[in-house]
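So this one's upload-v7.txt, compact mmCIF, C-alpha atoms:
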# COMPACT_ATOMS: atom_id res chain seq x y z
CA MET A 1 100.04 104.77 114.87
CA THR A 2 101.27 101.59 116.49
CA ALA A 3 98.35 99.84 118.15
CA PRO A 4 98.57 99.30 121.90
CA SER A 5 98.29 95.89 123.49
CA ASP A 6 95.14 96.90 125.34
CA THR A 7 92.22 99.02 124.14
CA SER A 8 89.18 100.68 125.62
CA GLY A 9 87.14 97.56 125.05
CA PRO A 10 88.06 93.96 124.30
CA GLY A 11 88.60 93.45 120.59
CA PHE A 12 87.50 96.98 119.67
CA VAL A 13 89.88 97.15 116.72
CA THR A 14 91.91 94.53 114.90
CA ILE A 15 95.61 94.69 115.79
CA PHE A 16 98.21 94.16 113.05
CA ASP A 17 101.28 93.70 115.25
CA GLU A 18 103.28 91.82 112.63
CA THR A 19 103.53 94.90 110.41
CA TYR A 20 104.79 97.29 113.06
CA ASP A 21 108.34 96.10 113.74
CA GLN A 22 109.82 95.12 110.39
CA ALA A 23 113.26 96.35 109.34
CA ASP A 24 111.64 98.68 106.80
CA CYS A 25 108.23 100.17 106.12
CA ARG A 26 106.95 98.02 103.22
CA ALA A 27 104.66 95.66 105.14
CA TYR A 28 103.25 98.55 107.16
CA PHE A 29 102.26 100.66 104.17
CA ARG A 30 100.97 97.69 102.19
CA MET A 31 98.72 96.80 105.14
CA MET A 32 97.42 100.36 105.24
CA ASP A 33 96.86 100.35 101.47
CA ARG A 34 95.01 97.02 101.56
CA LEU A 35 92.65 98.22 104.30
CA GLY A 36 91.92 101.56 102.68
CA TYR A 37 93.48 103.84 105.28
CA ARG A 38 92.60 107.51 104.85
CA ASN A 39 93.03 108.95 108.37
CA GLN A 40 96.48 110.46 107.83
CA HIS A 41 95.42 112.04 104.53
CA HIS A 42 92.71 114.03 106.31
CA ALA A 43 94.29 114.50 109.73
CA VAL A 44 97.60 115.92 108.55
CA ALA A 45 95.82 118.78 106.76
CA ALA A 46 94.38 119.84 110.12
CA PHE A 47 97.68 119.20 111.93
CA ARG A 48 99.55 121.45 109.49
CA ALA A 49 96.93 124.17 109.91
CA GLY A 50 97.20 123.95 113.68
CA LEU A 51 100.99 124.00 113.57
CA ALA A 52 101.00 127.11 111.40
CA GLU A 53 98.73 128.80 113.95
CA VAL A 54 100.78 127.89 117.00
CA MET A 55 103.92 129.10 115.19
CA ARG A 56 102.17 132.40 114.42
CA LEU A 57 100.95 132.86 117.97
CA ARG A 58 104.33 132.05 119.51
CA GLY A 59 106.44 133.82 116.90
CA LEU A 60 108.36 130.66 116.10
CA GLY A 61 110.91 130.40 113.29
CA GLN A 62 111.17 126.64 113.79
CA ALA A 63 108.66 124.21 115.25
CA ARG A 64 109.44 121.25 117.46
CA VAL A 65 106.93 118.42 117.06
CA VAL A 66 106.56 115.16 118.95
CA ASP A 67 105.07 112.40 116.79
CA PHE A 68 103.55 110.07 119.38
CA ALA A 69 103.05 106.40 118.45
CA SER A 70 104.92 107.39 115.31
CA SER A 71 105.54 103.95 113.84
CA TYR A 72 107.38 104.46 110.51
CA GLY A 73 106.73 108.19 110.50
CA ILE A 74 103.84 108.60 108.07
CA VAL A 75 102.47 111.64 109.90
CA THR A 76 105.86 113.32 109.84
CA ALA A 77 106.36 112.38 106.19
CA LEU A 78 103.12 114.09 105.20
CA MET A 79 103.64 117.12 107.45
CA ALA A 80 107.20 117.85 106.34
CA HIS A 81 107.21 116.81 102.67
CA GLU A 82 105.42 117.61 99.41
CA LEU A 83 103.83 114.20 99.48
CA SER A 84 100.41 112.58 99.68
CA LEU A 85 99.30 109.35 101.30
CA ALA A 86 98.23 108.08 97.88
CA GLU A 87 101.77 108.63 96.59
CA VAL A 88 103.21 106.75 99.55
CA PHE A 89 100.94 103.77 98.87
CA ALA A 90 101.76 103.82 95.16
CA ARG A 91 105.49 103.81 95.89
CA TYR A 92 105.46 100.49 97.73
CA ARG A 93 103.41 98.80 95.00
CA GLN A 94 106.34 99.23 92.61
CA PRO A 95 107.95 95.91 91.58
CA GLU A 96 111.48 96.84 92.67
CA PHE A 97 110.28 96.83 96.27
CA GLU A 98 109.38 93.13 96.04
CA THR A 99 112.99 91.93 96.12
CA ALA A 100 114.88 94.86 97.65
CA SER A 101 116.76 94.39 100.90
CA PRO A 102 115.85 96.53 103.90
CA ALA A 103 119.12 98.44 103.46
CA GLU A 104 118.18 99.22 99.86
CA VAL A 105 114.70 100.39 100.84
CA ILE A 106 116.12 102.67 103.52
CA ALA A 107 118.69 104.18 101.14
CA TRP A 108 116.07 104.74 98.42
CA ASP A 109 113.63 106.27 100.89
CA ARG A 110 116.24 108.59 102.36
CA ASP A 111 116.98 110.06 98.92
CA TRP A 112 113.30 110.16 97.94
CA LEU A 113 112.26 112.07 101.05
CA ALA A 114 115.20 114.46 100.90
CA ALA A 115 114.08 115.57 97.44
CA LEU A 116 110.52 116.25 98.65
CA ARG A 117 111.20 118.33 101.75
CA ARG A 118 108.75 121.22 102.06
CA PRO A 119 110.23 124.72 101.80
CA GLY A 120 109.72 127.09 104.66
CA PRO A 121 110.30 126.86 108.42
CA PRO A 122 112.00 123.59 109.35
CA LEU A 123 110.45 121.00 111.63
CA HIS A 124 112.40 119.27 114.35
CA VAL A 125 110.53 116.00 114.94
CA THR A 126 110.90 113.52 117.78
CA GLY A 127 109.37 110.12 117.03
CA ILE A 128 108.14 108.01 119.94
CA ASP A 129 107.11 104.40 119.59
CA VAL A 130 107.47 101.08 121.39
CA MET A 131 108.72 99.35 118.21
CA PRO A 132 112.51 99.67 117.80
CA ASN A 133 112.69 98.91 114.08
CA ALA A 134 110.01 101.46 113.21
CA VAL A 135 111.83 104.21 115.11
CA ALA A 136 115.18 103.17 113.62
CA TYR A 137 113.72 103.39 110.12
CA GLY A 138 112.37 106.89 110.81
CA ARG A 139 115.78 108.02 112.04
CA ALA A 140 117.64 106.36 109.16
CA VAL A 141 115.58 108.02 106.41
CA GLY A 142 115.67 111.45 108.05
CA LEU A 143 112.07 111.72 109.25
CA PHE A 144 112.97 111.98 112.93
CA GLN A 145 115.75 114.17 114.23
CA THR A 146 115.35 112.33 117.53
CA GLY A 147 113.94 108.83 117.93
CA CYS A 148 112.82 107.38 121.27
CA VAL A 149 111.84 103.76 121.84
CA GLU A 150 109.77 104.05 125.01
CA ASP A 151 106.65 102.66 126.65
CA LEU A 152 105.16 105.66 128.40
CA GLU A 153 102.29 103.62 129.75
CA ARG A 154 104.80 101.87 132.01
CA ASP A 155 107.70 104.28 132.47
CA ASP A 156 108.49 107.97 132.73
CA PRO A 157 110.21 109.57 129.73
CA SER A 158 113.93 109.02 129.40
CA ASP A 159 116.22 112.01 129.87
CA VAL A 160 116.51 112.39 126.09
CA LEU A 161 112.77 112.36 125.55
CA ALA A 162 112.11 114.63 128.54
CA ALA A 163 114.50 117.20 127.06
CA GLU A 164 112.61 117.10 123.75
CA LEU A 165 109.21 117.35 125.44
CA GLU A 166 110.31 120.34 127.50
CA ARG A 167 110.84 122.30 124.27
CA CYS A 168 108.08 120.91 122.08
CA ASP A 169 105.37 123.05 120.50
CA MET A 170 102.95 120.35 119.34
CA ILE A 171 102.23 116.69 120.02
CA VAL A 172 100.49 114.85 117.18
CA GLU A 173 99.02 111.35 116.94
CA CYS A 174 96.95 109.68 114.25
CA GLY A 175 94.49 106.89 114.92
CA SER A 176 93.45 106.65 118.57
CA VAL A 177 96.46 105.70 120.63
CA ALA A 178 96.64 108.91 122.64
CA GLN A 179 93.00 108.45 123.61
CA LEU A 180 93.75 104.90 124.72
CA MET A 181 96.82 105.85 126.76
CA PRO A 182 95.96 108.59 129.26
CA ARG A 183 98.89 107.59 131.50
CA ALA A 184 101.32 108.13 128.63
CA LEU A 185 99.66 111.44 127.82
CA ASP A 186 99.99 112.54 131.44
CA ARG A 187 103.69 111.64 131.53
CA MET A 188 104.35 113.55 128.30
CA LEU A 189 102.55 116.70 129.41
CA ALA A 190 104.19 116.60 132.84
CA ALA A 191 107.60 116.63 131.14
CA CYS A 192 106.67 119.60 128.94
CA GLY A 193 107.67 123.15 129.85
CA PRO A 194 105.40 125.65 131.60
CA VAL A 195 103.86 126.70 128.27
CA LYS A 196 102.26 123.45 127.22
CA PRO A 197 102.28 122.26 123.62
CA TRP A 198 99.19 121.94 121.51
CA VAL A 199 97.97 118.35 121.25
CA MET A 200 96.27 117.29 118.02
CA THR A 201 94.91 113.77 117.58
CA SER A 202 92.56 111.99 115.17
CA PRO A 203 90.82 109.28 117.19
CA ILE A 204 88.35 106.81 115.78
CA ARG A 205 84.82 107.82 116.78
CA GLY A 206 83.94 105.83 119.85
CA ASN A 207 87.56 105.68 121.01
CA GLU A 208 87.39 109.01 122.85
CA ARG A 209 88.13 108.41 126.51
CA PRO A 210 87.12 110.87 129.21
CA GLU A 211 90.31 109.95 131.08
CA ALA A 212 92.41 111.48 128.27
CA THR A 213 90.33 114.66 128.32
CA GLU A 214 90.67 114.86 132.10
CA VAL A 215 94.46 114.55 131.81
CA MET A 216 94.62 117.43 129.34
CA HIS A 217 92.32 119.57 131.49
CA ALA A 218 94.54 118.85 134.50
CA HIS A 219 97.49 120.27 132.57
CA GLY A 220 95.60 123.48 131.80
CA LEU A 221 94.55 122.68 128.24
CA VAL A 222 91.20 123.44 126.63
CA VAL A 223 89.93 120.46 124.64
CA GLN A 224 87.65 120.66 121.64
CA SER A 225 86.59 118.70 118.58
CA LEU A 226 87.39 120.66 115.43
CA PRO A 227 84.30 121.67 113.42
CA ILE A 228 84.92 119.42 110.43
CA PRO A 229 82.91 116.39 109.32
CA PRO A 230 84.06 112.93 110.37
CA PHE A 231 86.37 111.31 107.83
CA VAL A 232 87.30 107.75 106.88
CA HIS A 233 89.91 106.01 109.03
CA ARG A 234 89.87 102.66 107.21
CA ARG A 235 87.58 99.87 106.05
CA PHE A 236 86.27 97.38 108.57
CA GLU A 237 87.86 93.95 108.55
CA GLY A 238 84.39 92.41 108.64
CA PRO A 239 80.88 92.56 110.11
CA ALA A 240 81.99 91.83 113.67
CA GLU A 241 84.43 94.72 113.72
CA GLN A 242 81.79 97.01 112.19
CA ALA A 243 79.23 96.02 114.82
CA ARG A 244 81.72 96.78 117.61
CA ALA A 245 82.58 100.13 116.06
CA ILE A 246 78.93 101.15 115.67
CA ALA A 247 78.16 100.16 119.26
CA ASN A 248 81.15 102.09 120.61
CA ALA A 249 80.40 105.20 118.55
CA GLN A 250 76.74 105.18 119.57
CA ALA A 251 77.70 104.69 123.23
CA VAL A 252 79.39 108.11 123.28
CA GLY A 253 76.57 109.83 121.41
CA HIS A 254 77.59 109.67 117.74
CA ASP A 255 74.97 109.21 115.01
CA THR A 256 76.43 106.37 112.96
CA GLU A 257 73.90 106.36 110.09
CA GLY A 258 75.73 107.18 106.86
CA VAL A 259 79.05 107.13 108.70
CA GLU A 260 80.12 103.85 110.31
CA THR A 261 77.21 102.14 108.53
CA THR A 262 79.05 102.76 105.23
CA GLY A 263 81.60 100.09 106.11
CA HIS A 264 84.41 102.27 107.46
CA PHE A 265 85.76 103.44 110.78
CA HIS A 266 85.49 107.21 110.88
CA ALA A 267 87.70 109.63 112.79
CA GLN A 268 87.59 113.22 114.00
CA ILE A 269 90.17 115.84 115.02
CA LEU A 270 90.57 116.65 118.69
CA LEU A 271 92.60 119.68 119.71
CA ALA A 272 93.92 120.63 123.15
CA ARG A 273 95.73 123.94 123.75
CA PRO A 274 96.28 126.61 126.39
CA ALA A 275 93.28 128.88 126.98
CA SER A 276 95.32 131.95 125.97
CA GLU A 277 95.82 130.47 122.49
CA CYS A 278 92.23 129.48 121.69
CA THR A 279 91.86 131.32 118.39
CA ASP A 280 88.94 130.42 116.13
CA PRO A 281 90.02 127.67 113.69
CA ALA A 282 87.90 129.36 111.02
CA THR A 283 90.41 132.24 111.04
CA TRP A 284 93.55 130.13 110.68
CA SER A 285 95.77 130.78 107.68
CA MET A 286 95.57 127.20 106.36
CA PRO A 287 92.45 125.13 105.64
CA LEU A 288 91.43 122.34 108.01
CA THR A 289 90.14 120.05 105.29
CA VAL A 290 91.51 118.47 102.13
CA ALA A 291 89.90 116.99 99.02
CA PRO A 292 89.23 113.23 99.03
CA MET A 293 92.30 111.09 98.53
CA TYR A 294 90.92 109.42 95.39
CA GLU A 295 88.03 110.38 93.11
CA ASP A 296 86.21 107.20 94.17
CA ASP A 297 86.26 108.42 97.77
CA ARG A 298 83.68 111.08 96.84
CA ALA A 299 81.02 108.41 96.43
Give the structure from the file, written as structure tokens.
Amino acid sequence: MTAPSDTSGPGFVTIFDETYDQADCRAYFRMMDRLGYRNQHHAVAAFRAGLAEVMRLRGLGQARVVDFASSYGIVTALMAHELSLAEVFARYRQPEFETASPAEVIAWDRDWLAALRRPGPPLHVTGIDVMPNAVAYGRAVGLFQTGCVEDLERDDPSDVLAAELERCDMIVECGSVAQLMPRALDRMLAACGPVKPWVMTSPIRGNERPEATEVMHAHGLVVQSLPIPPFVHRRFEGPAEQARAIANAQAVGHDTEGVETTGHFHAQILLARPASECTDPATWSMPLTVAPMYEDDRA
């Protein structure tokens, strides 16, 4: 979820660079908590449903997932563990995290996550991000089996990453980065094997870029928006950010009344997959949606 240095429009979203390359995850999750992030809570439910379907279709006993723009691994944490985003936020509000060293946080988190691992088919996750400390944290606590610090907007995948992409079954990304980085998306898909992975993303409404869709079409993937209502990404920083978000969402045809006008960015799930695997999401074995994160979110 690391924000790129350039976006689809100047100043479209506020960038919080200082939180993305700390030695541990505390500042990152506290920033998300403060701004009312909900995207991962909703998106991961759909990602898990999609992953179960691709595993069924391909007869997989283990899935290999690439977590693009992974930052500290929140998507992987929620996909692979009996854990909610609310529980993650609550953890880093605890007083012992105020004075702990990064080494202590990493040791605590490694044990905490190990105890919460989901039963069932294992996931092999490769985390990709441009921030070295975020990837190192994900590796150290056991979220990523492989961690790659790479800028795919500028360079082709390393040999290590190319080997992981060649075998991957799904690429996931939460927030919008994949939509903002069609060159990176093209490089990833080019490195994948002849049977392309599913790509599941949760872009902010208005951040969809036709260039990203064109890249996926060029690699033989069918792209669709999943038939679920838009969900909260996070609160706006202020009126200026809200005005930009409303203008961008309306520019691509979204009705923003009762959505972005409520004071929050909203997101959606985009899915790209081979035409031969286009089963109806309504028939998948797992639900695409999840209850609100907090009772107050129902309002």
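If you look at atom CA of A:Met79 and atom CA of A:Tyr28, they are 18.6 Å away from each other.
Shortest atom-to-atom contact with A:Ser70 among A:Thr146, A:Thr279, A:Gln224, A:Gln250: A:Thr146, counting all atoms listed in the file.
Compared by their closest atoms to A:Pro210, and using all atoms listed in the file, the residues A:Val252, A:Val66, A:Ala247, A:Ala27 rank with A:Val252 nearest.
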Do you know which residues are at most 7 Å from stretch 54-65 of chain A counting only C-alpha atoms, after dropping those on the same chain fewer than 6 positions away, and could you put them as an NGL selection string? :A and (121-126 or 168-171)
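The two atoms in question, atom CA of A:Tyr37 and atom CA of A:Val172, are spaced 17.7 Å apart.
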Which of these, A:His266, A:Arg30, A:Arg235, A:His42, has the shortest distance to A:Pro203 once you count all atoms listed in the file? A:His266
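Each of A:Val199, A:Ala136, A:Ala184, A:Met31 was checked against A:Pro274 using only C-alpha atoms; the smallest atom-to-atom distance is that of A:Val199.
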Separating atom CA of A:His254 from atom CA of A:Val290, to the nearest tenth of an Å, is a gap of 22.7 Å
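Proximity to A:Met32 was assessed for A:Ser101, A:Gly127, A:Leu83, A:Arg234 counting all atoms listed in the file; the smallest distance is recorded for A:Arg234.
With all atoms listed in the file as the atoms that count, the minimum distance from A:Ile74 to the choices A:Leu189, A:Met131, A:Cys174, A:Ala140 is reached by A:Cys174.
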Starting from the block above, write stretch 102-116 of chain A out to a file with all heavy atoms, as an mmCIF file, in the first residue's frame, please.
data_model
loop_
_atom_site.group_PDB
_atom_site.id
_atom_site.type_symbol
_atom_site.label_atom_id
_atom_site.label_comp_id
_atom_site.auth_asym_id
_atom_site.auth_seq_id
_atom_site.Cartn_x
_atom_site.Cartn_y
_atom_site.Cartn_z
ATOM 1 N N PRO A 102 12.505 -1.329 18.179
ATOM 2 C CA PRO A 102 12.079 -2.060 16.980
ATOM 3 C C PRO A 102 12.330 -3.562 17.079
ATOM 4 O O PRO A 102 11.500 -4.359 16.637
ATOM 5 C CB PRO A 102 12.902 -1.414 15.862
ATOM 6 C CG PRO A 102 13.127 -0.016 16.337
ATOM 7 C CD PRO A 102 13.319 -0.145 17.825
ATOM 8 N N ALA A 103 13.455 -3.956 17.664
ATOM 9 C CA ALA A 103 13.740 -5.389 17.796
ATOM 10 C C ALA A 103 12.698 -6.073 18.671
ATOM 11 O O ALA A 103 12.283 -7.208 18.385
ATOM 12 C CB ALA A 103 15.140 -5.586 18.375
ATOM 13 N N GLU A 104 12.256 -5.395 19.728
ATOM 14 C CA GLU A 104 11.225 -5.968 20.583
ATOM 15 C C GLU A 104 9.901 -6.100 19.834
ATOM 16 O O GLU A 104 9.209 -7.130 19.937
ATOM 17 C CB GLU A 104 11.044 -5.107 21.834
ATOM 18 C CG GLU A 104 12.182 -5.225 22.835
ATOM 19 C CD GLU A 104 12.037 -4.266 23.991
ATOM 20 O OE1 GLU A 104 11.648 -3.090 23.749
ATOM 21 O OE2 GLU A 104 12.317 -4.674 25.141
ATOM 22 N N VAL A 105 9.528 -5.062 19.102
ATOM 23 C CA VAL A 105 8.276 -5.114 18.343
ATOM 24 C C VAL A 105 8.302 -6.272 17.350
ATOM 25 O O VAL A 105 7.333 -7.032 17.230
ATOM 26 C CB VAL A 105 8.019 -3.782 17.621
ATOM 27 C CG1 VAL A 105 6.816 -3.893 16.686
ATOM 28 C CG2 VAL A 105 7.796 -2.664 18.629
ATOM 29 N N ILE A 106 9.401 -6.425 16.644
ATOM 30 C CA ILE A 106 9.508 -7.500 15.658
ATOM 31 C C ILE A 106 9.410 -8.865 16.334
ATOM 32 O O ILE A 106 8.705 -9.763 15.846
ATOM 33 C CB ILE A 106 10.815 -7.343 14.854
ATOM 34 C CG1 ILE A 106 10.703 -6.127 13.910
ATOM 35 C CG2 ILE A 106 11.132 -8.615 14.064
ATOM 36 C CD1 ILE A 106 11.999 -5.724 13.262
ATOM 37 N N ALA A 107 10.074 -9.051 17.451
ATOM 38 C CA ALA A 107 10.009 -10.334 18.161
ATOM 39 C C ALA A 107 8.599 -10.618 18.658
ATOM 40 O O ALA A 107 8.095 -11.741 18.537
ATOM 41 C CB ALA A 107 11.000 -10.335 19.319
ATOM 42 N N TRP A 108 7.950 -9.606 19.240
ATOM 43 C CA TRP A 108 6.571 -9.784 19.713
ATOM 44 C C TRP A 108 5.645 -10.128 18.557
ATOM 45 O O TRP A 108 4.790 -11.005 18.663
ATOM 46 C CB TRP A 108 6.074 -8.521 20.400
ATOM 47 C CG TRP A 108 6.797 -8.154 21.657
ATOM 48 C CD1 TRP A 108 7.622 -8.932 22.406
ATOM 49 C CD2 TRP A 108 6.758 -6.874 22.311
ATOM 50 N NE1 TRP A 108 8.097 -8.226 23.485
ATOM 51 C CE2 TRP A 108 7.582 -6.969 23.460
ATOM 52 C CE3 TRP A 108 6.112 -5.668 22.042
ATOM 53 C CZ2 TRP A 108 7.771 -5.892 24.327
ATOM 54 C CZ3 TRP A 108 6.298 -4.596 22.901
ATOM 55 C CH2 TRP A 108 7.120 -4.709 24.036
ATOM 56 N N ASP A 109 5.796 -9.388 17.444
ATOM 57 C CA ASP A 109 4.898 -9.607 16.313
ATOM 58 C C ASP A 109 5.114 -10.970 15.670
ATOM 59 O O ASP A 109 4.155 -11.604 15.207
ATOM 60 C CB ASP A 109 5.078 -8.497 15.277
ATOM 61 C CG ASP A 109 4.457 -7.180 15.710
ATOM 62 O OD1 ASP A 109 3.829 -7.144 16.782
ATOM 63 O OD2 ASP A 109 4.601 -6.189 14.969
ATOM 64 N N ARG A 110 6.351 -11.433 15.643
ATOM 65 C CA ARG A 110 6.613 -12.754 15.073
ATOM 66 C C ARG A 110 5.849 -13.830 15.858
ATOM 67 O O ARG A 110 5.187 -14.690 15.269
ATOM 68 C CB ARG A 110 8.112 -13.044 15.101
ATOM 69 C CG ARG A 110 8.495 -14.357 14.423
ATOM 70 C CD ARG A 110 9.957 -14.707 14.644
ATOM 71 N NE ARG A 110 10.841 -13.622 14.256
ATOM 72 C CZ ARG A 110 11.637 -12.955 15.084
ATOM 73 N NH1 ARG A 110 11.640 -13.237 16.386
ATOM 74 N NH2 ARG A 110 12.417 -11.998 14.635
ATOM 75 N N ASP A 111 5.921 -13.759 17.186
ATOM 76 C CA ASP A 111 5.225 -14.746 18.014
ATOM 77 C C ASP A 111 3.707 -14.598 17.905
ATOM 78 O O ASP A 111 2.970 -15.595 17.853
ATOM 79 C CB ASP A 111 5.659 -14.608 19.474
ATOM 80 C CG ASP A 111 7.113 -15.008 19.689
ATOM 81 O OD1 ASP A 111 7.689 -15.684 18.806
ATOM 82 O OD2 ASP A 111 7.675 -14.634 20.731
ATOM 83 N N TRP A 112 3.244 -13.368 17.895
ATOM 84 C CA TRP A 112 1.798 -13.083 17.806
ATOM 85 C C TRP A 112 1.211 -13.650 16.526
ATOM 86 O O TRP A 112 0.189 -14.348 16.546
ATOM 87 C CB TRP A 112 1.620 -11.569 17.880
ATOM 88 C CG TRP A 112 0.244 -11.030 17.717
ATOM 89 C CD1 TRP A 112 -0.840 -11.272 18.496
ATOM 90 C CD2 TRP A 112 -0.180 -10.098 16.713
ATOM 91 N NE1 TRP A 112 -1.923 -10.541 18.047
ATOM 92 C CE2 TRP A 112 -1.543 -9.815 16.964
ATOM 93 C CE3 TRP A 112 0.462 -9.452 15.659
ATOM 94 C CZ2 TRP A 112 -2.277 -8.927 16.170
ATOM 95 C CZ3 TRP A 112 -0.259 -8.575 14.869
ATOM 96 C CH2 TRP A 112 -1.613 -8.319 15.126
ATOM 97 N N LEU A 113 1.874 -13.394 15.402
ATOM 98 C CA LEU A 113 1.363 -13.870 14.121
ATOM 99 C C LEU A 113 1.449 -15.388 14.007
ATOM 100 O O LEU A 113 0.540 -16.031 13.470
ATOM 101 C CB LEU A 113 2.125 -13.202 12.982
ATOM 102 C CG LEU A 113 1.841 -11.707 12.795
ATOM 103 C CD1 LEU A 113 2.896 -11.069 11.901
ATOM 104 C CD2 LEU A 113 0.449 -11.489 12.221
ATOM 105 N N ALA A 114 2.512 -15.970 14.514
ATOM 106 C CA ALA A 114 2.668 -17.421 14.436
ATOM 107 C C ALA A 114 1.516 -18.136 15.131
ATOM 108 O O ALA A 114 1.069 -19.205 14.676
ATOM 109 C CB ALA A 114 3.999 -17.845 15.041
ATOM 110 N N ALA A 115 1.007 -17.550 16.206
ATOM 111 C CA ALA A 115 -0.083 -18.168 16.955
ATOM 112 C C ALA A 115 -1.435 -18.007 16.268
ATOM 113 O O ALA A 115 -2.404 -18.667 16.661
ATOM 114 C CB ALA A 115 -0.146 -17.576 18.358
ATOM 115 N N LEU A 116 -1.517 -17.140 15.256
ATOM 116 C CA LEU A 116 -2.796 -16.833 14.613
ATOM 117 C C LEU A 116 -2.900 -17.357 13.186
ATOM 118 O O LEU A 116 -3.866 -17.056 12.485
ATOM 119 C CB LEU A 116 -3.009 -15.308 14.600
ATOM 120 C CG LEU A 116 -3.168 -14.642 15.970
ATOM 121 C CD1 LEU A 116 -3.130 -13.125 15.823
ATOM 122 C CD2 LEU A 116 -4.459 -15.080 16.624
#
